[in-house]
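Encoded as structure tokens, the structure appears first; notes follow it.
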Amino acid sequence: MSNVLITGGSGFIGSHLTRELVKMGNNVTVFDNLFRSDNNSLKDLIESKKIKFIKGDVRDEQAVDSAVKGMDYVFHLAAVCINYSVKFPKESLEINLMGSENVFRAALKRKVKRIIFSSSASVYGDPKVLPMKEDSELKPVTPYCLAKLASEHLLKFYGRSGLNYNILRYFNVYGVGQKADAYYTSVISLFIKRILSSQAPVIDGEGKQSMDFVNVKDIVQANVLAMNSETESEIYNVGTGISTTIADLADILIKSLKVDVKPEFNKRDVIVSERRADISKIQKIGFKVTVSASDGLSEVAKDIAENLEKY
Ligand SMILES: NC(=O)c1ccc[n+]([C@@H]2O[C@H](COP(=O)([O-])OP(=O)(O)OC[C@H]3O[C@@H](n4cnc5c(N)ncnc54)[C@H](O)[C@@H]3O)[C@@H](O)[C@H]2O)c1
């Protein structure tokens, strides 16, 4: 049994990770300022004292240090999202970069066994070549992406003083419980809500824009592998290696909700961005895609249909 700290553990990915680490028998502490969560998803675990919850801000150096003290592993997920970083660049850098610095420095000082950092495929920017590999060109375009990339470099910096870490670059994460305004994947809940009210999902251009939709269950799997792997100081893409176009997405959701609508194409020129991860590196430490986009997206569609008020 290990002592594990999850910053941002109340959020979408963090709460799924918290449940898995508890199930595995770890002693889990969640550190989150509840900026984007009401902790409802962890209510049962907190009330039954299966986890410890600390309401704290990663910008608060002392709060971070005392939370990290005594931990074997730290998963650093706390961050504000891309849209927020575009609106509030300075504040987002204080959280996503300086907050990371607080967590990494505390982890070094408190001699944690390993830190696992949630980075993002957005560090690649708009790729010229697919699939995107860990050593592909990096072109971060927003304060969010800059902070993720700078945090990766900070880990390398502290790594030279002995900090043990692994970095995960997530592609387009989706799953049950995700907020409807998630930057890349908001299109999923938007389409689902339209289909449920028998309205056609509206696709800009020909719907050839694509994403690499990776289910949150596989993101959790990647975190556990990155924690236990013999490899260290590594960067891993976490995706499925498969592109799903927006047109495919609409078809998958219409089929799974069994509603008689057809997508509408809004004919105009759009920039066709494409995303596809090369996942061969993380596969070498045991990663397997366990949820296909069509199964995972159908699961989300059904959950939204049954619990519309939650979304
Ligand atoms: N969801 C995705 O598609 C995706 C893709 C790439 C990377 N990521 C990264 O994965 C991590 C988790 O993402 P998510 O989708 O679960 O987001 P989320 O917004 O649901 O979770 C982030 C959590 O961090 C907390 N937080 C924000 N500011 C904080 C602060 N100053 N101090 C303490 N806690 C704070 C929020 O309250 C929230 O609970 C983030 O680092 C994100 O950048 C997510």
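Ordering of the structure tokens sets the chain letters (A, B, ...); residue numbers start at 1 within each chain; ligands are numbered from 1 in the order shown.
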
Using only C-alpha atoms and all ligand atoms, which residues of chain A come within 6 Å of ligand 1, and what is the closest atom pair for each, with the distance in Å to one decimal? Give it as CSV, sorted by chain and residue number.
residue,atom,partner,partner_atom_place_in_ligand_line,distance
A:Gly8,CA,ligand 1,24 (O),3.5
A:Gly9,CA,ligand 1,39 (O),6.0
A:Ser10,CA,ligand 1,39 (O),4.3
A:Gly11,CA,ligand 1,39 (O),3.3
A:Phe12,CA,ligand 1,16 (O),3.7
A:Ile13,CA,ligand 1,16 (O),3.7
A:Gly14,CA,ligand 1,16 (O),5.4
A:Asp32,CA,ligand 1,34 (N),3.8
A:Asn33,CA,ligand 1,33 (C),4.3
A:Leu34,CA,ligand 1,37 (O),3.8
A:Phe35,CA,ligand 1,37 (O),3.8
A:Arg36,CA,ligand 1,37 (O),3.9
A:Ser37,CA,ligand 1,39 (O),4.8
A:Gly56,CA,ligand 1,33 (C),5.7
A:Asp57,CA,ligand 1,32 (N),3.4
A:Val58,CA,ligand 1,32 (N),4.1
A:Arg59,CA,ligand 1,31 (N),5.9
A:Leu77,CA,ligand 1,41 (O),4.0
A:Ala78,CA,ligand 1,24 (O),3.5
A:Ala79,CA,ligand 1,27 (C),4.5
A:Val80,CA,ligand 1,27 (C),5.0
A:Cys81,CA,ligand 1,43 (O),5.9
A:Ile95,CA,ligand 1,31 (N),5.0
A:Ser118,CA,ligand 1,10 (O),5.0
A:Ser119,CA,ligand 1,7 (C),5.3
A:Ser120,CA,ligand 1,6 (C),3.9
A:Tyr170,CA,ligand 1,6 (C),4.4
A:Phe171,CA,ligand 1,5 (C),5.5
A:Asn172,CA,ligand 1,3 (O),4.4
A:Val173,CA,ligand 1,3 (O),3.7

* Got a sec: who's within 8 Å of range 183-196 of chain A, counting only C-alpha atoms, leaving out chain neighbours fewer than 2 positions off, as an MDAnalysis selection string? -> chainID A and resid 81:83 172:174 179:181 198:202 249:250 253:254 257 259 261 297 301 304:305

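Taking CA of Ala67 in chain A and CA of Lys111 in chain A as the two end points, the separation is 13.0 Å.
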
* Asked: Got a sec: who's within 9 Å of Asp269 in chain A, counting only C-alpha atoms, leaving out chain neighbours fewer than 2 positions off, as a list in words?
  -> Asp204, Gly205, Glu206, Lys267, Ile271 and Val272 of chain A

* To do: List every residue of range 57-194 of chain A that DSSP, applied to the backbone of this structure, places in strand (DSSP E or B), and write the result as a VMD selection string.
  => chain A and resid 73 to 76 114 to 120 132 165 to 170 172 to 174

Contact table range 77-127 of chain A vs range 143-152 of chain A, cut-off 10 Å, shortest pair per residue, only C-alpha atoms, as JSON lines:
{"residue": "A:Ala79", "atom": "CA", "partner": "A:Tyr144", "partner_atom": "CA", "distance": 8.8}
{"residue": "A:Val80", "atom": "CA", "partner": "A:Tyr144", "partner_atom": "CA", "distance": 7.8}
{"residue": "A:Cys81", "atom": "CA", "partner": "A:Tyr144", "partner_atom": "CA", "distance": 6.7}
{"residue": "A:Ile82", "atom": "CA", "partner": "A:Tyr144", "partner_atom": "CA", "distance": 5.3}
{"residue": "A:Asn83", "atom": "CA", "partner": "A:Tyr144", "partner_atom": "CA", "distance": 8.4}
{"residue": "A:Tyr84", "atom": "CA", "partner": "A:Tyr144", "partner_atom": "CA", "distance": 8.3}
{"residue": "A:Ser85", "atom": "CA", "partner": "A:Tyr144", "partner_atom": "CA", "distance": 5.4}
{"residue": "A:Val86", "atom": "CA", "partner": "A:Pro143", "partner_atom": "CA", "distance": 6.6}
{"residue": "A:Lys87", "atom": "CA", "partner": "A:Pro143", "partner_atom": "CA", "distance": 9.7}
{"residue": "A:Phe88", "atom": "CA", "partner": "A:Pro143", "partner_atom": "CA", "distance": 8.9}
{"residue": "A:Pro89", "atom": "CA", "partner": "A:Pro143", "partner_atom": "CA", "distance": 5.8}
{"residue": "A:Lys90", "atom": "CA", "partner": "A:Pro143", "partner_atom": "CA", "distance": 8.3}
{"residue": "A:Glu91", "atom": "CA", "partner": "A:Pro143", "partner_atom": "CA", "distance": 9.8}
{"residue": "A:Ser92", "atom": "CA", "partner": "A:Tyr144", "partner_atom": "CA", "distance": 7.0}
{"residue": "A:Leu93", "atom": "CA", "partner": "A:Ala147", "partner_atom": "CA", "distance": 6.2}
{"residue": "A:Glu94", "atom": "CA", "partner": "A:Ala147", "partner_atom": "CA", "distance": 9.1}
{"residue": "A:Ile95", "atom": "CA", "partner": "A:Ala147", "partner_atom": "CA", "distance": 9.0}
{"residue": "A:Asn96", "atom": "CA", "partner": "A:Ala147", "partner_atom": "CA", "distance": 5.7}
{"residue": "A:Leu97", "atom": "CA", "partner": "A:Ala147", "partner_atom": "CA", "distance": 4.9}
{"residue": "A:Met98", "atom": "CA", "partner": "A:Ser151", "partner_atom": "CA", "distance": 8.6}
{"residue": "A:Gly99", "atom": "CA", "partner": "A:Ser151", "partner_atom": "CA", "distance": 9.4}
{"residue": "A:Ser100", "atom": "CA", "partner": "A:Ser151", "partner_atom": "CA", "distance": 6.4}
{"residue": "A:Glu101", "atom": "CA", "partner": "A:Ser151", "partner_atom": "CA", "distance": 7.3}
{"residue": "A:Phe104", "atom": "CA", "partner": "A:Ser151", "partner_atom": "CA", "distance": 9.0}
{"residue": "A:Phe117", "atom": "CA", "partner": "A:Glu152", "partner_atom": "CA", "distance": 8.0}
{"residue": "A:Ser118", "atom": "CA", "partner": "A:Lys148", "partner_atom": "CA", "distance": 8.4}
{"residue": "A:Ser119", "atom": "CA", "partner": "A:Lys148", "partner_atom": "CA", "distance": 5.6}
{"residue": "A:Ser120", "atom": "CA", "partner": "A:Lys148", "partner_atom": "CA", "distance": 6.8}
{"residue": "A:Ala121", "atom": "CA", "partner": "A:Cys145", "partner_atom": "CA", "distance": 8.6}
{"residue": "A:Ser122", "atom": "CA", "partner": "A:Cys145", "partner_atom": "CA", "distance": 5.8}
{"residue": "A:Val123", "atom": "CA", "partner": "A:Cys145", "partner_atom": "CA", "distance": 5.2}
{"residue": "A:Tyr124", "atom": "CA", "partner": "A:Cys145", "partner_atom": "CA", "distance": 8.6}
{"residue": "A:Gly125", "atom": "CA", "partner": "A:Cys145", "partner_atom": "CA", "distance": 8.3}

* Hey, which of A:Arg114, A:Lys139, A:Lys133, A:Lys49 ends up closest to Gly159 in chain A? Count only C-alpha atoms. -> A:Arg114

* **Residue set, range 34-221 of chain A restricted to alpha helix (DSSP H), as number ranges by chain** => A: 43-47, 61-68, 82-87, 89-93, 99-109, 143-159, 186-196, 216-221

Taking C-alpha atoms for each residue, export the selection above as a PDB file, in the first residue's frame.
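What ended up in part09.pdb:
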ATOM      1  CA  LYS A  43     -18.640  12.312  -2.184  1.00  0.00           C
ATOM      2  CA  ASP A  44     -18.986   8.646  -1.199  1.00  0.00           C
ATOM      3  CA  LEU A  45     -15.216   8.157  -0.864  1.00  0.00           C
ATOM      4  CA  ILE A  46     -14.815  11.303   1.265  1.00  0.00           C
ATOM      5  CA  GLU A  47     -17.804  10.529   3.508  1.00  0.00           C
ATOM      6  CA  GLU A  61       3.760  26.708  -1.689  1.00  0.00           C
ATOM      7  CA  GLN A  62       3.335  25.739   1.957  1.00  0.00           C
ATOM      8  CA  ALA A  63       0.044  23.949   1.470  1.00  0.00           C
ATOM      9  CA  VAL A  64       1.599  21.977  -1.384  1.00  0.00           C
ATOM     10  CA  ASP A  65       4.677  21.102   0.659  1.00  0.00           C
ATOM     11  CA  SER A  66       2.700  19.817   3.615  1.00  0.00           C
ATOM     12  CA  ALA A  67       0.417  17.788   1.323  1.00  0.00           C
ATOM     13  CA  VAL A  68       3.412  16.200  -0.431  1.00  0.00           C
ATOM     14  CA  ILE A  82      -6.941  26.064 -22.626  1.00  0.00           C
ATOM     15  CA  ASN A  83      -9.883  28.475 -22.922  1.00  0.00           C
ATOM     16  CA  TYR A  84      -9.162  29.860 -19.457  1.00  0.00           C
ATOM     17  CA  SER A  85      -5.489  30.324 -20.338  1.00  0.00           C
ATOM     18  CA  VAL A  86      -6.421  32.335 -23.401  1.00  0.00           C
ATOM     19  CA  LYS A  87      -8.725  34.589 -21.351  1.00  0.00           C
ATOM     20  CA  PRO A  89      -2.870  34.176 -19.429  1.00  0.00           C
ATOM     21  CA  LYS A  90      -1.096  35.431 -16.303  1.00  0.00           C
ATOM     22  CA  GLU A  91      -3.325  33.600 -13.826  1.00  0.00           C
ATOM     23  CA  SER A  92      -3.162  30.423 -15.891  1.00  0.00           C
ATOM     24  CA  LEU A  93       0.658  30.547 -15.910  1.00  0.00           C
ATOM     25  CA  GLY A  99       1.866  25.629  -9.444  1.00  0.00           C
ATOM     26  CA  SER A 100       3.716  22.771 -11.142  1.00  0.00           C
ATOM     27  CA  GLU A 101       6.992  24.203  -9.894  1.00  0.00           C
ATOM     28  CA  ASN A 102       5.675  24.134  -6.305  1.00  0.00           C
ATOM     29  CA  VAL A 103       4.586  20.511  -6.702  1.00  0.00           C
ATOM     30  CA  PHE A 104       7.843  19.354  -8.346  1.00  0.00           C
ATOM     31  CA  ARG A 105      10.110  21.132  -5.853  1.00  0.00           C
ATOM     32  CA  ALA A 106       8.142  19.739  -2.899  1.00  0.00           C
ATOM     33  CA  ALA A 107       8.338  16.249  -4.437  1.00  0.00           C
ATOM     34  CA  LEU A 108      12.127  16.548  -4.701  1.00  0.00           C
ATOM     35  CA  LYS A 109      12.485  17.920  -1.167  1.00  0.00           C
ATOM     36  CA  PRO A 143      -0.348  29.875 -22.439  1.00  0.00           C
ATOM     37  CA  TYR A 144      -1.819  26.468 -21.492  1.00  0.00           C
ATOM     38  CA  CYS A 145       0.407  24.586 -23.949  1.00  0.00           C
ATOM     39  CA  LEU A 146       3.406  26.752 -23.048  1.00  0.00           C
ATOM     40  CA  ALA A 147       2.946  25.959 -19.367  1.00  0.00           C
ATOM     41  CA  LYS A 148       2.637  22.216 -20.073  1.00  0.00           C
ATOM     42  CA  LEU A 149       5.822  22.232 -22.135  1.00  0.00           C
ATOM     43  CA  ALA A 150       7.701  24.404 -19.635  1.00  0.00           C
ATOM     44  CA  SER A 151       6.555  22.082 -16.813  1.00  0.00           C
ATOM     45  CA  GLU A 152       7.970  19.113 -18.748  1.00  0.00           C
ATOM     46  CA  HIS A 153      11.303  20.971 -18.963  1.00  0.00           C
ATOM     47  CA  LEU A 154      11.151  21.816 -15.252  1.00  0.00           C
ATOM     48  CA  LEU A 155      10.809  18.114 -14.508  1.00  0.00           C
ATOM     49  CA  LYS A 156      13.953  17.463 -16.543  1.00  0.00           C
ATOM     50  CA  PHE A 157      15.672  20.238 -14.564  1.00  0.00           C
ATOM     51  CA  TYR A 158      14.694  18.784 -11.170  1.00  0.00           C
ATOM     52  CA  GLY A 159      15.360  15.298 -12.546  1.00  0.00           C
ATOM     53  CA  SER A 186     -17.356  19.628 -26.044  1.00  0.00           C
ATOM     54  CA  VAL A 187     -18.524  18.626 -29.516  1.00  0.00           C
ATOM     55  CA  ILE A 188     -19.465  15.205 -28.081  1.00  0.00           C
ATOM     56  CA  SER A 189     -22.020  16.514 -25.588  1.00  0.00           C
ATOM     57  CA  LEU A 190     -23.206  19.188 -28.027  1.00  0.00           C
ATOM     58  CA  PHE A 191     -24.008  16.544 -30.656  1.00  0.00           C
ATOM     59  CA  ILE A 192     -25.578  14.206 -28.081  1.00  0.00           C
ATOM     60  CA  LYS A 193     -27.889  16.924 -26.755  1.00  0.00           C
ATOM     61  CA  ARG A 194     -29.010  17.841 -30.273  1.00  0.00           C
ATOM     62  CA  ILE A 195     -29.592  14.228 -31.280  1.00  0.00           C
ATOM     63  CA  LEU A 196     -31.608  13.581 -28.098  1.00  0.00           C
ATOM     64  CA  VAL A 216     -10.654   8.211 -19.469  1.00  0.00           C
ATOM     65  CA  LYS A 217     -10.381   4.548 -18.389  1.00  0.00           C
ATOM     66  CA  ASP A 218      -7.319   4.182 -20.618  1.00  0.00           C
ATOM     67  CA  ILE A 219      -5.885   7.444 -19.271  1.00  0.00           C
ATOM     68  CA  VAL A 220      -6.156   5.916 -15.796  1.00  0.00           C
ATOM     69  CA  GLN A 221      -4.465   2.747 -17.073  1.00  0.00           C
TER      70      GLN A 221
END

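From CA of Ser2 in chain A back to CA of Asp72 in chain A, the distance works out to 6.0 Å.
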
* **Distance criterion (only C-alpha atoms): nearest to Ser233 in chain A out of A:Phe53, A:Tyr165, A:Tyr73, A:Tyr311** => A:Tyr165

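The shortest atom-to-atom distance to Asp278 in chain A, with only C-alpha atoms taken into account, belongs to A:Asp135 out of A:Asp303, A:Asp295, A:Glu20, A:Asp135.
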
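Across A:Leu21, A:Val300, A:Ala222, A:Met132, the tightest approach to Ile252 in chain A is made by A:Val300 when counting only C-alpha atoms.
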
* Hey, can you check how far CA of Lys284 in chain A sits from CA of Ala226 in chain A? -> 11.4 Å
